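What follows is a set of notes on a single structure, which appears directly below.
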Amino acid sequence: MNFRTRFAPSPTGYLHIGGARTALFNLLFARHNQGKFILRIEDTDVARSTEESIKAILDGMEWLGLHWDEGPFFQSKRFDLYREHAYKLLEKGEAYRCYCTPEELEARREAAMKEGRPPKYDGRCRNIHEKLDKPFALRFKVPPGTTVVRDIIKGAISFDNSTIEDLVILRSDTTPTYNFCVVVDDATMDITHVIRGDDHINNTPKQILLYRALGHELPVFAHLPMILGSDKTRLSKRHGATSVMAYKEMGFLPHALVNYLARLGWSHGDEEIFSFDGLIEKFTLESVGSSSGVFNPEKLLWLNQHYIKATPDDELAGLVAPFFESLGLKVAGDERLPKIAATLKERSKTLKDMAESGAFYFKDKVEYDPKATEKFLTPDNAELFALVIARLEPLAEFTHKTLEEAFNAILAEKDLKLGKIAQPVRVALTGGTVSPGIFEMMEAFGKGMVIARLKDALAHMRSTAVK
RNA sequence: GGUCCUAUCGUCUAGAGGCCUAGGACGUGGCCCUCUCAAGGCUAAAACCCGGGUUCGAAUCCCGGUAGGACCGCCA
């Protein structure tokens, strides 16, 4: 069997977290089974679809590494095909012309809701057999009976057809509607597995009926549980960023998001960390859970930190550089960047964090935190600082090792603990009391900057002594 | 209102009738390590929605309640 899955977003906004997971699961399933993953843009709503949205969705998938094998196909380019199929249904008597206007339908719907009746189309045009000289839409004639959806994730779900209304398949402006296009496309594109959010479950019986009317074999359905926000309602902007690209901007690594999304709804024993290949190898629809899950930013952060730590220094340097730049710091071409990133990686949850907490490396002047300087850059530390400078200046090699040796020598001579000297040095170099370890940091800084900052600090100590 | 889905620590989840004294992970507390902050190690608290069945035995199967959620367009 040739497995074929598809991701079919509508271009009315950016790539959403939920959409990204749907795309991911489709891709993983296809790859796991040596099948094809197809991208289709559902832009039948001409009024709401935009070029920017299409680009945003493609960019999002690109960034996440979700590469498709065929497409993108655009429904807007296939209108003739849908019309052809719709009229075939009309000829076969499986569809009929409906002359009700949208305004009339809307009024009836409102009235029905008011009276507590189901707002279902009453089928009044079903029996008009002659063609009237009025604009019309084409409606599908839902047959009586029961329709069973066999879903890999949810099991068998049965629907009484009497609860399904005669849906419009072709609007009065001759454009086709969603449920119809989906079926025509999935059928003609030989999609074997329809994997999508479970908000589509109620559409599925309609689609099954359409497949039958069109004389096509059914695909396998798999409805993924929803992703919810912290208040257990459908994830939306209220819960924070929902755009995939917003996570890029916040300094997340694409694979951290992929790993997180994969584990939201799917699991493989006790494993938490998966490479992309590992996901492909281990992913099955059978191990997708059936209940919805709450999006947990904390866990995403943990994964992001994990992958930051696992990224090689030179690669990390390239990734974090734009975040330094957006802070107004010029880091392009600075060959210290890999070493600097190395000192920061264990204490950064995002690339943005990393740039912010490492900004001191690139500032022309240290920005002293008043409380920190008051506590550590004190006159009585001046003598010690002078000694440190004297010992560091002659160092031919300026490495973690030689620096630690130099400091240990001073500590032994003066009978001091490292803590006594590390904090003042830290403040001298960074302006604050929180930073990477001083030896790795000094090595990353380079000798010139270290000596300069130490001397600045010494001057600061002496000036406060005068006052 | 109708249709449908779902139900294990706060959160993501393991669990396929006995391996469950319910496991892992995030987060949270404590301890250790330590030049600060992290990272790391150890450790603690923390859950089978309720009620009936079925069975020698049920977190697991069935039914009913309850609670959440999704969908009900000439949107997708």
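Order determines the names: the first chain of the structure tokens is A, the second B, and so forth; residues in each chain are numbered 1 upward, and ligands are numbered 1 upward as they are shown.
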Distance query stretch 23-27 of chain B at most 8 Å, only C-alpha atoms (C1' of nucleotides), self and fewer than 2 positions along chain excluded, as an MDAnalysis selection string:
(chainID A and resid 270:272 298:299 302) or (chainID B and resid 11:14)
Stretch 54-63 of chain B surroundings by only C-alpha atoms (C1' of nucleotides), 10 Å radius, close-in-sequence under 5 positions cut, as an MDAnalysis selection string:
chainID B and resid 8 15:18 20 22 48
Can you tell me, as an MDAnalysis selection string, what residues are no more than 8 Å from stretch 13-18 of chain A when counting only C-alpha atoms (C1' of nucleotides), ignoring any on the same chain fewer than 6 positions away?
chainID A and resid 53 56:57 60:61 226:227 242:245
Applying 10 Å and only C-alpha atoms (C1' of nucleotides), which residues near B:G69 remain after dropping the ones on its own chain fewer than 3 positions away? List them as a PDB file with C-alpha atoms (C1' of nucleotides), in the first residue's frame.
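Once everything was written out, this is out_38.pdb:
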```pdb
ATOM      1  CA  MET A 226      -7.348  19.145  20.499  1.00  0.00           C
ATOM      2  CA  LEU A 228      -6.126  23.262  24.953  1.00  0.00           C
ATOM      3  CA  LYS A 232      -8.908  23.795  29.174  1.00  0.00           C
ATOM      4  CA  THR A 233     -10.607  25.633  26.375  1.00  0.00           C
ATOM      5  CA  ARG A 234      -9.404  25.547  22.821  1.00  0.00           C
ATOM      6  CA  SER A 291      -8.047  12.888  25.106  1.00  0.00           C
ATOM      7  CA  SER A 292      -7.175  16.513  24.578  1.00  0.00           C
TER       8      SER A 292
ATOM      9  C1'   C B   5     -15.762  13.430  21.796  1.00  0.00           C
ATOM     10  C1'   U B   6     -13.083  12.952  26.409  1.00  0.00           C
TER      11        U B   6
END
```
Contacts of stretch 94-106 of chain A at 7 Å or less, counting only C-alpha atoms (C1' of nucleotides), minus same-chain residues fewer than 3 places along, as a list in words?
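Close residues of stretch 94-106 of chain A: Leu89, Leu90, Arg109, Glu110, Cys125, Arg126, Lys134, Pro135, Phe136, Ala137, Leu138, Arg139, Phe140, Lys141 and Ala213 of chain A; C74 of chain B.
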For the residues in that selection, give me all heavy atoms as a tab-separated table (two decimals), in the first residue's frame.
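Saved file selection.tsv follows:
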```
chain	number	residue	atom	x	y	z
A	89	LEU	N	-23.16	15.07	-9.46
A	89	LEU	CA	-24.06	14.69	-8.37
A	89	LEU	C	-25.48	15.16	-8.66
A	89	LEU	O	-26.45	14.46	-8.36
A	89	LEU	CB	-23.55	15.31	-7.05
A	89	LEU	CG	-22.91	14.39	-6.01
A	89	LEU	CD1	-22.20	13.20	-6.60
A	89	LEU	CD2	-21.98	15.19	-5.12
A	90	LEU	N	-25.58	16.35	-9.26
A	90	LEU	CA	-26.89	16.89	-9.60
A	90	LEU	C	-27.58	15.98	-10.63
A	90	LEU	O	-28.75	15.63	-10.48
A	90	LEU	CB	-26.75	18.31	-10.16
A	90	LEU	CG	-28.05	18.99	-10.61
A	90	LEU	CD1	-28.95	19.29	-9.42
A	90	LEU	CD2	-27.76	20.28	-11.38
A	109	ARG	N	-32.52	30.35	10.54
A	109	ARG	CA	-31.61	29.77	11.53
A	109	ARG	C	-31.80	30.47	12.87
A	109	ARG	O	-31.89	29.84	13.91
A	109	ARG	CB	-30.16	29.90	11.06
A	109	ARG	CG	-29.17	29.17	11.94
A	109	ARG	CD	-27.77	29.19	11.36
A	109	ARG	NE	-27.75	28.71	9.99
A	109	ARG	CZ	-27.37	29.42	8.94
A	109	ARG	NH1	-26.95	30.65	9.11
A	109	ARG	NH2	-27.40	28.92	7.74
A	110	GLU	N	-31.86	31.79	12.81
A	110	GLU	CA	-32.02	32.55	14.04
A	110	GLU	C	-33.33	32.22	14.73
A	110	GLU	O	-33.39	32.04	15.94
A	110	GLU	CB	-31.94	34.05	13.75
A	110	GLU	CG	-30.54	34.59	13.90
A	110	GLU	CD	-30.45	36.05	13.48
A	110	GLU	OE1	-31.40	36.79	13.78
A	110	GLU	OE2	-29.44	36.42	12.87
A	125	CYS	N	-36.24	22.89	-0.68
A	125	CYS	CA	-36.04	22.94	-2.13
A	125	CYS	C	-35.82	21.56	-2.75
A	125	CYS	O	-35.65	21.43	-3.96
A	125	CYS	CB	-34.87	23.85	-2.48
A	125	CYS	SG	-35.14	25.57	-2.01
A	126	ARG	N	-35.79	20.54	-1.91
A	126	ARG	CA	-35.59	19.18	-2.39
A	126	ARG	C	-36.59	18.78	-3.47
A	126	ARG	O	-36.27	18.03	-4.38
A	126	ARG	CB	-35.77	18.20	-1.23
A	126	ARG	CG	-34.47	17.70	-0.62
A	126	ARG	CD	-34.76	16.48	0.24
A	126	ARG	NE	-33.58	16.12	1.00
A	126	ARG	CZ	-33.25	14.86	1.31
A	126	ARG	NH1	-34.04	13.87	0.93
A	126	ARG	NH2	-32.17	14.60	1.99
A	134	LYS	N	-33.84	31.67	-11.22
A	134	LYS	CA	-33.36	32.39	-10.04
A	134	LYS	C	-31.98	31.85	-9.68
A	134	LYS	O	-31.63	30.73	-10.06
A	134	LYS	CB	-34.30	32.13	-8.84
A	134	LYS	CG	-35.62	32.87	-8.91
A	134	LYS	CD	-36.21	33.07	-7.52
A	134	LYS	CE	-36.70	31.76	-6.89
A	134	LYS	NZ	-37.44	31.97	-5.64
A	135	PRO	N	-31.18	32.64	-8.98
A	135	PRO	CA	-29.87	32.12	-8.56
A	135	PRO	C	-30.07	30.94	-7.62
A	135	PRO	O	-31.02	30.93	-6.83
A	135	PRO	CB	-29.23	33.30	-7.82
A	135	PRO	CG	-30.14	34.45	-7.94
A	135	PRO	CD	-31.45	33.99	-8.49
A	136	PHE	N	-29.18	29.98	-7.72
A	136	PHE	CA	-29.34	28.81	-6.86
A	136	PHE	C	-27.98	28.30	-6.38
A	136	PHE	O	-26.94	28.57	-6.99
A	136	PHE	CB	-30.05	27.68	-7.61
A	136	PHE	CG	-29.30	27.24	-8.85
A	136	PHE	CD1	-28.34	26.24	-8.77
A	136	PHE	CD2	-29.55	27.85	-10.09
A	136	PHE	CE1	-27.63	25.85	-9.90
A	136	PHE	CE2	-28.84	27.46	-11.22
A	136	PHE	CZ	-27.88	26.45	-11.12
A	137	ALA	N	-28.02	27.58	-5.29
A	137	ALA	CA	-26.84	26.87	-4.79
A	137	ALA	C	-27.13	25.39	-4.98
A	137	ALA	O	-28.30	25.01	-5.14
A	137	ALA	CB	-26.62	27.19	-3.33
A	138	LEU	N	-26.09	24.58	-4.99
A	138	LEU	CA	-26.31	23.13	-5.09
A	138	LEU	C	-26.17	22.52	-3.70
A	138	LEU	O	-25.18	22.76	-3.00
A	138	LEU	CB	-25.27	22.52	-6.04
A	138	LEU	CG	-25.73	21.97	-7.38
A	138	LEU	CD1	-26.86	22.79	-7.98
A	138	LEU	CD2	-24.56	21.85	-8.33
A	139	ARG	N	-27.19	21.75	-3.33
A	139	ARG	CA	-27.12	21.08	-2.04
A	139	ARG	C	-27.04	19.57	-2.22
A	139	ARG	O	-27.65	19.00	-3.13
A	139	ARG	CB	-28.38	21.39	-1.21
A	139	ARG	CG	-28.30	22.65	-0.41
A	139	ARG	CD	-29.53	22.80	0.49
A	139	ARG	NE	-29.66	24.16	0.97
A	139	ARG	CZ	-29.06	24.59	2.09
A	139	ARG	NH1	-28.33	23.79	2.83
A	139	ARG	NH2	-29.22	25.85	2.46
A	140	PHE	N	-26.32	18.95	-1.34
A	140	PHE	CA	-26.20	17.50	-1.36
A	140	PHE	C	-27.41	16.90	-0.65
A	140	PHE	O	-27.84	17.39	0.40
A	140	PHE	CB	-24.92	17.07	-0.64
A	140	PHE	CG	-24.75	15.59	-0.53
A	140	PHE	CD1	-24.66	14.79	-1.67
A	140	PHE	CD2	-24.67	14.97	0.72
A	140	PHE	CE1	-24.51	13.40	-1.58
A	140	PHE	CE2	-24.51	13.59	0.82
A	140	PHE	CZ	-24.43	12.82	-0.33
A	141	LYS	N	-27.98	15.88	-1.25
A	141	LYS	CA	-29.16	15.24	-0.68
A	141	LYS	C	-28.71	14.13	0.27
A	141	LYS	O	-28.28	13.06	-0.17
A	141	LYS	CB	-30.01	14.66	-1.82
A	141	LYS	CG	-31.44	14.37	-1.43
A	141	LYS	CD	-32.20	13.74	-2.59
A	141	LYS	CE	-32.58	14.75	-3.69
A	141	LYS	NZ	-33.29	14.10	-4.82
A	213	ALA	N	-21.36	8.96	-2.61
A	213	ALA	CA	-22.12	9.50	-3.74
A	213	ALA	C	-21.22	9.65	-4.97
A	213	ALA	O	-21.63	9.46	-6.10
A	213	ALA	CB	-22.72	10.84	-3.36
B	74	C	P	-25.18	27.50	4.85
B	74	C	OP1	-25.52	28.64	5.67
B	74	C	OP2	-26.27	26.62	4.42
B	74	C	O5'	-24.45	28.05	3.57
B	74	C	C5'	-23.55	27.25	2.90
B	74	C	C4'	-22.77	28.13	1.98
B	74	C	O4'	-23.57	28.33	0.79
B	74	C	C3'	-22.47	29.50	2.58
B	74	C	O3'	-21.13	29.78	2.24
B	74	C	C2'	-23.46	30.46	1.87
B	74	C	O2'	-22.86	31.69	1.49
B	74	C	C1'	-23.75	29.70	0.57
B	74	C	N1	-25.10	29.88	0.03
B	74	C	C2	-25.19	30.44	-1.25
B	74	C	O2	-24.15	30.75	-1.84
B	74	C	N3	-26.40	30.61	-1.81
B	74	C	C4	-27.49	30.25	-1.15
B	74	C	N4	-28.65	30.43	-1.76
B	74	C	C5	-27.43	29.69	0.18
B	74	C	C6	-26.21	29.53	0.72
```
I'd like to know which of B:U36, B:C19, B:G53, B:G10 is closest to chain A, using only C-alpha atoms (C1' of nucleotides).
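Smallest distance to chain A is found for B:U36.
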Select from stretch 88-201 of chain A everything DSSP, run on the backbone, classes as strand (DSSP E or B), then give the selection as a PyMOL selection string.
chain A and resi 95-98+137-140+146-151+155-160+168-170+176+193-197
Written selection (C-alpha atoms) as a short mmCIF file (atom, residue, chain, number, x, y, z; two decimals), in the first residue's frame:
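Saved the output as result.cif:
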```cif
data_model
loop_
_atom_site.label_atom_id
_atom_site.label_comp_id
_atom_site.auth_asym_id
_atom_site.auth_seq_id
_atom_site.Cartn_x
_atom_site.Cartn_y
_atom_site.Cartn_z
CA ALA A 95 -27.84 16.88 -5.25
CA TYR A 96 -30.47 19.53 -5.98
CA ARG A 97 -30.80 23.22 -6.66
CA CYS A 98 -31.62 25.34 -3.65
CA ALA A 137 -26.84 26.87 -4.79
CA LEU A 138 -26.31 23.13 -5.09
CA ARG A 139 -27.12 21.08 -2.04
CA PHE A 140 -26.20 17.50 -1.36
CA THR A 146 -26.81 5.64 9.81
CA THR A 147 -23.24 6.57 8.97
CA VAL A 148 -20.38 5.03 10.88
CA VAL A 149 -17.00 6.70 11.08
CA ARG A 150 -14.25 4.19 11.77
CA ASP A 151 -11.53 6.18 13.39
CA GLY A 155 -12.91 3.98 17.44
CA ALA A 156 -16.26 3.58 15.69
CA ILE A 157 -18.57 6.57 15.91
CA SER A 158 -22.05 6.36 14.48
CA PHE A 159 -24.27 9.19 13.33
CA ASP A 160 -27.94 9.15 12.53
CA VAL A 168 -24.36 23.27 0.21
CA ILE A 169 -21.67 21.93 -2.10
CA LEU A 170 -21.69 24.73 -4.66
CA PRO A 176 -17.43 25.16 -4.10
CA HIS A 193 -5.13 8.47 5.64
CA VAL A 194 -6.93 11.58 6.73
CA ILE A 195 -5.26 12.77 9.92
CA ARG A 196 -6.70 16.00 11.29
CA GLY A 197 -8.02 17.68 14.43
#
```
A:Phe252: which residues within 7 Å, counting only C-alpha atoms (C1' of nucleotides), same-chain residues fewer than 6 positions away excluded, as a ChimeraX atom specification?
/A:304,350-351
Find the residue from B:U21, B:U34, B:U43, B:U66 that sits nearest to chain A; use only C-alpha atoms (C1' of nucleotides) when measuring.
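Looking at the shortest contact to chain A, the residue is B:U34.
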Residues within 9 Å of A:Leu210, only C-alpha atoms (C1' of nucleotides), excluding chain neighbours under 5 positions, as a list in words
Phe140, Val142, Asn179, Phe180, Val183, Val184, Pro205, Gly215 and His216 of chain A
